[in-house]
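Coordinates as given in protein26.pdb (PDB, C-alpha atoms):
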ATOM      1  CA  MET A 151     -11.106  -1.519  10.169
ATOM      2  CA  PHE A 152      -7.706  -3.198   9.901
ATOM      3  CA  ILE A 153      -5.383  -1.934   7.183
ATOM      4  CA  GLN A 154      -2.063  -3.511   6.362
ATOM      5  CA  ILE A 155       0.526  -2.095   4.026
ATOM      6  CA  ILE A 156       3.000  -4.649   2.760
ATOM      7  CA  GLY A 157       6.078  -3.167   1.154
ATOM      8  CA  VAL A 158       9.199  -4.723  -0.314
ATOM      9  CA  GLY A 159      12.466  -3.631   1.261
ATOM     10  CA  LYS A 160      13.464  -1.969   4.505
ATOM     11  CA  LEU A 161      12.729   1.707   4.866
ATOM     12  CA  LYS A 162      15.937   3.469   5.880
ATOM     13  CA  GLU A 163      15.387   7.145   5.108
ATOM     14  CA  LYS A 164      14.714   8.966   8.371
ATOM     15  CA  TYR A 165      12.318  11.508   6.849
ATOM     16  CA  LEU A 166      10.124   8.749   5.390
ATOM     17  CA  VAL A 167      10.113   6.787   8.652
ATOM     18  CA  GLN A 168       9.150   9.953  10.564
ATOM     19  CA  GLY A 169       6.387  10.861   8.096
ATOM     20  CA  ILE A 170       4.879   7.378   8.221
ATOM     21  CA  ALA A 171       5.083   7.390  12.023
ATOM     22  CA  GLU A 172       3.229  10.715  12.156
ATOM     23  CA  TYR A 173       0.343   9.568   9.941
ATOM     24  CA  SER A 174       0.228   6.187  11.700
ATOM     25  CA  LYS A 175      -0.180   8.021  15.012
ATOM     26  CA  ARG A 176      -2.950  10.185  13.544
ATOM     27  CA  LEU A 177      -4.768   7.052  12.343
ATOM     28  CA  THR A 178      -4.678   5.331  15.754
ATOM     29  CA  PRO A 179      -8.105   6.575  16.942
ATOM     30  CA  TYR A 180      -9.807   5.453  13.717
ATOM     31  CA  LEU A 181      -8.378   2.106  12.633
ATOM     32  CA  LYS A 182      -5.655  -0.439  13.193
ATOM     33  CA  LEU A 183      -2.717   0.045  10.829
ATOM     34  CA  GLN A 184       0.129  -2.404  10.378
ATOM     35  CA  ILE A 185       3.070  -1.883   8.061
ATOM     36  CA  ILE A 186       4.943  -5.012   7.054
ATOM     37  CA  GLU A 187       8.310  -4.959   5.324
ATOM     38  CA  VAL A 188       9.351  -8.046   3.392
ATOM     39  CA  PRO A 189      12.961  -8.432   2.272
ATOM     40  CA  ASP A 190      13.788  -7.398  -1.249
ATOM     41  CA  GLU A 191      15.596  -9.836  -3.494
ATOM     42  CA  LYS A 192      19.239  -8.909  -3.946
ATOM     43  CA  ALA A 193      20.024  -8.530  -7.635
ATOM     44  CA  PRO A 194      22.443  -6.632  -9.875
ATOM     45  CA  ASP A 195      21.301  -3.396 -11.506
ATOM     46  CA  SER A 196      21.152  -4.921 -14.967
ATOM     47  CA  LEU A 197      18.746  -7.857 -15.316
ATOM     48  CA  SER A 198      17.181  -9.702 -18.225
ATOM     49  CA  ASP A 199      13.392  -9.933 -18.391
ATOM     50  CA  ALA A 200      13.589 -13.534 -17.147
ATOM     51  CA  GLU A 201      15.741 -12.472 -14.179
ATOM     52  CA  VAL A 202      13.317  -9.626 -13.337
ATOM     53  CA  LYS A 203      10.470 -12.161 -13.301
ATOM     54  CA  ILE A 204      12.435 -14.385 -10.894
ATOM     55  CA  VAL A 205      13.051 -11.417  -8.567
ATOM     56  CA  LYS A 206       9.371 -10.391  -8.630
ATOM     57  CA  ASP A 207       8.267 -13.993  -8.047
ATOM     58  CA  LYS A 208      10.545 -14.403  -5.015
ATOM     59  CA  GLU A 209       9.424 -11.096  -3.534
ATOM     60  CA  GLY A 210       5.850 -12.106  -4.363
ATOM     61  CA  GLU A 211       6.163 -15.307  -2.332
ATOM     62  CA  ARG A 212       7.247 -13.221   0.661
ATOM     63  CA  ILE A 213       4.317 -10.846   0.169
ATOM     64  CA  LEU A 214       1.755 -13.649  -0.206
ATOM     65  CA  SER A 215       2.999 -15.328   2.977
ATOM     66  CA  GLN A 216       1.855 -12.219   4.883
ATOM     67  CA  ILE A 217      -1.686 -12.047   3.460
ATOM     68  CA  LYS A 218      -4.552 -13.726   5.320
ATOM     69  CA  PRO A 219      -7.196 -15.545   3.243
ATOM     70  CA  ASP A 220     -10.015 -13.169   4.270
ATOM     71  CA  ALA A 221      -8.122  -9.983   3.356
ATOM     72  CA  HIS A 222      -9.191  -7.710   0.522
ATOM     73  CA  VAL A 223      -6.002  -6.982  -1.428
ATOM     74  CA  ILE A 224      -5.337  -3.791  -3.355
ATOM     75  CA  ALA A 225      -2.100  -3.868  -5.335
ATOM     76  CA  LEU A 226      -0.418  -0.624  -6.324
ATOM     77  CA  ALA A 227       0.325  -1.044 -10.023
ATOM     78  CA  LEU A 228       0.838   1.222 -13.017
ATOM     79  CA  ASP A 229      -1.994  -0.496 -14.892
ATOM     80  CA  GLY A 230      -4.420  -0.049 -11.999
ATOM     81  CA  LYS A 231      -7.352   2.345 -11.796
ATOM     82  CA  MET A 232      -6.655   5.916 -10.799
ATOM     83  CA  TRP A 233      -8.784   7.037  -7.860
ATOM     84  CA  SER A 234      -9.227  10.450  -6.362
ATOM     85  CA  SER A 235      -8.862  10.808  -2.594
ATOM     86  CA  GLU A 236     -12.662  10.795  -2.414
ATOM     87  CA  ASP A 237     -12.766   7.555  -4.445
ATOM     88  CA  LEU A 238     -10.357   5.913  -1.996
ATOM     89  CA  ALA A 239     -12.458   7.134   0.918
ATOM     90  CA  SER A 240     -15.605   5.731  -0.673
ATOM     91  CA  GLU A 241     -13.940   2.388  -1.422
ATOM     92  CA  LEU A 242     -12.649   2.004   2.131
ATOM     93  CA  ASP A 243     -16.067   2.942   3.490
ATOM     94  CA  LYS A 244     -17.779   0.344   1.263
ATOM     95  CA  LEU A 245     -15.264  -2.347   2.172
ATOM     96  CA  GLY A 246     -15.626  -1.641   5.868
ATOM     97  CA  THR A 247     -19.410  -1.708   5.696
ATOM     98  CA  TYR A 248     -20.216  -4.380   3.130
ATOM     99  CA  GLY A 249     -17.014  -6.214   2.290
ATOM    100  CA  SER A 250     -13.920  -6.986   4.267
ATOM    101  CA  SER A 251     -12.828  -4.804   7.130
ATOM    102  CA  HIS A 252      -9.328  -6.231   6.594
ATOM    103  CA  VAL A 253      -7.683  -4.420   3.684
ATOM    104  CA  VAL A 254      -4.141  -5.055   2.487
ATOM    105  CA  PHE A 255      -2.315  -2.635   0.211
ATOM    106  CA  VAL A 256       0.715  -4.093  -1.572
ATOM    107  CA  ILE A 257       3.643  -1.994  -2.762
ATOM    108  CA  GLY A 258       6.119  -3.974  -4.835
ATOM    109  CA  GLY A 259       9.847  -3.516  -5.066
ATOM    110  CA  SER A 260      11.826  -1.591  -7.638
ATOM    111  CA  HIS A 261      10.809  -4.061 -10.355
ATOM    112  CA  GLY A 262       7.114  -4.062  -9.505
ATOM    113  CA  ILE A 263       4.775  -6.797  -8.284
ATOM    114  CA  GLY A 264       4.860 -10.454  -9.309
ATOM    115  CA  ASP A 265       2.038 -12.091 -11.247
ATOM    116  CA  GLU A 266       0.839 -14.291  -8.367
ATOM    117  CA  VAL A 267       0.365 -11.267  -6.122
ATOM    118  CA  LEU A 268      -1.535  -9.464  -8.878
ATOM    119  CA  LYS A 269      -3.781 -12.536  -9.270
ATOM    120  CA  ARG A 270      -4.470 -12.518  -5.516
ATOM    121  CA  ALA A 271      -5.418  -8.826  -5.570
ATOM    122  CA  GLN A 272      -9.090  -7.954  -5.931
ATOM    123  CA  GLN A 273      -8.197  -4.470  -7.137
ATOM    124  CA  LYS A 274      -5.274  -2.616  -8.649
ATOM    125  CA  LEU A 275      -4.702   1.035  -7.817
ATOM    126  CA  CYS A 276      -2.502   3.500  -9.681
ATOM    127  CA  PHE A 277      -1.371   6.748  -8.087
ATOM    128  CA  GLY A 278      -0.455   8.214 -11.463
ATOM    129  CA  LYS A 279       1.780   7.655 -14.428
ATOM    130  CA  MET A 280       4.824   9.233 -12.801
ATOM    131  CA  THR A 281       7.383   6.850 -11.404
ATOM    132  CA  LEU A 282       7.850   7.220  -7.652
ATOM    133  CA  PRO A 283      10.311   5.332  -5.453
ATOM    134  CA  HIS A 284       8.500   2.444  -3.782
ATOM    135  CA  GLN A 285       9.762   3.661  -0.380
ATOM    136  CA  LEU A 286       8.166   7.079  -0.928
ATOM    137  CA  MET A 287       4.926   5.361  -1.971
ATOM    138  CA  ARG A 288       4.520   4.045   1.580
ATOM    139  CA  LEU A 289       4.375   7.575   2.939
ATOM    140  CA  VAL A 290       2.044   8.759   0.177
ATOM    141  CA  LEU A 291      -0.273   5.790   0.768
ATOM    142  CA  VAL A 292      -0.427   6.239   4.556
ATOM    143  CA  GLU A 293      -1.213   9.922   4.060
ATOM    144  CA  GLN A 294      -3.990   9.064   1.597
ATOM    145  CA  VAL A 295      -5.495   6.522   3.998
ATOM    146  CA  TYR A 296      -5.503   9.221   6.677
ATOM    147  CA  ARG A 297      -7.082  11.667   4.234
ATOM    148  CA  ALA A 298      -9.740   9.051   3.348
ATOM    149  CA  VAL A 299     -10.604   8.580   7.011
ATOM    150  CA  LYS A 300     -11.011  12.320   7.469
ATOM    151  CA  ILE A 301     -13.170  12.559   4.336
ATOM    152  CA  ASN A 302     -15.408   9.738   5.580
ATOM    153  CA  ARG A 303     -15.773  11.471   8.960
ATOM    154  CA  ASN A 304     -16.581  14.820   7.277
ATOM    155  CA  GLU A 305     -13.633  16.390   9.051
ATOM    156  CA  PRO A 306     -11.718  19.297   7.490
ATOM    157  CA  TYR A 307      -8.235  17.823   6.819
ATOM    158  CA  HIS A 308      -8.858  17.125   3.129
ATOM    159  CA  LYS A 309      -9.820  20.714   2.205
TER
END

Since I need it in another form, could you write the structure as structure tokens?
Amino acid sequence: MFIQIIGVGKLKEKYLVQGIAEYSKRLTPYLKLQIIEVPDEKAPDSLSDAEVKIVKDKEGERILSQIKPDAHVIALALDGKMWSSEDLASELDKLGTYGSSHVVFVIGGSHGIGDEVLKRAQQKLCFGKMTLPHQLMRLVLVEQVYRAVKINRNEPYHK
């Protein structure tokens, strides 16, 4: 299985980079993982709704340019379905067996994900109603992918 995580913005915090590197290393025997960072759109803190849409659309173009036509796209969005770790494991197992073994998770920038990216996504996933920094979401997602792999292999990590 080939999993890509596309995130908006450059990850700078050392603890997040180290955490992602650790889980990426743990995943190496089980699947190919690639993390792609696309530049965020520079904008002032205070934006109108129209300006937010422009920012999300520009970031969305950068995201879409990284997605191959055969990829199964799962966008992280507040209006997505909430899955348990076991649900994620089951979904990845089904995709790998019967669907696409190329899965792309998309994490938008601080304003969210543009409409065109959401249209391209086959699924939307929500990690909960709490707001988390999009940089932190990368670490949480990589850990959950690792947990899903361990669940699917009936190995004890997820207990």

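Of the listed residues (A:His252, A:His261, A:Arg212, A:Lys300), A:His261 comes nearest to A:Leu197; the distances count only C-alpha atoms.
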
request  = Using all atoms listed in the file, pick whichever of A:Gln273, A:Lys208, A:Ile213, A:Val295 has the shortest atom-to-atom distance to A:Thr178.
outcome  =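 Of A:Gln273, A:Lys208, A:Ile213, A:Val295, the one nearest A:Thr178 is A:Val295, counting all atoms listed in the file.
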
task = Would you kindly return, as a PyMOL selection string, each protein, DNA or RNA residue with an atom no farther than 7 Å from any atom of stretch 238-250 of chain A, considering all atoms listed in the file and excluding same-chain residues fewer than 5 positions away?
result = chain A and resi 151+221-222+233+298-299+301-302

message = I need the residue nearest A:Met287 from this list: A:Gly258, A:Gly230, A:Pro306, A:Gly210. Use only C-alpha atoms for the distance.
response =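 Smallest separation from A:Met287 among the options: A:Gly258.
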
key: Residue contacts of A:Gln285 (12 Å, only C-alpha atoms) excluding same-chain residues fewer than 4 positions away, as a count of residues only   = 27

task = Determine the nearest neighbour of A:Leu183 from the options A:Leu228, A:Leu282, A:Ala271, A:Val253, counting all atoms listed in the file.
result =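 Smallest separation from A:Leu183 among the options: A:Val253.
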
request  = Compute the distance from (-4.9, 2.6, -5.2) to each atom, counting all atoms listed in the file, keep the residues with any atom at most 7 Å away, and return them as a list in words; use the coordinates of the file.
outcome  = Ile224, Leu226, Met232, Trp233, Lys274, Leu275, Cys276 and Phe277 of chain A

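Distances here use only C-alpha atoms; by that measure, the residue among A:Asp229, A:Asp220, A:Glu191, A:Asp207 closest to A:Lys279 is A:Asp229.
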
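Remark: for A:Val205, the closest of the candidate residues A:Lys192, A:Gln184, A:Lys175, A:Pro283 is A:Lys192 (distances computed over all atoms listed in the file).
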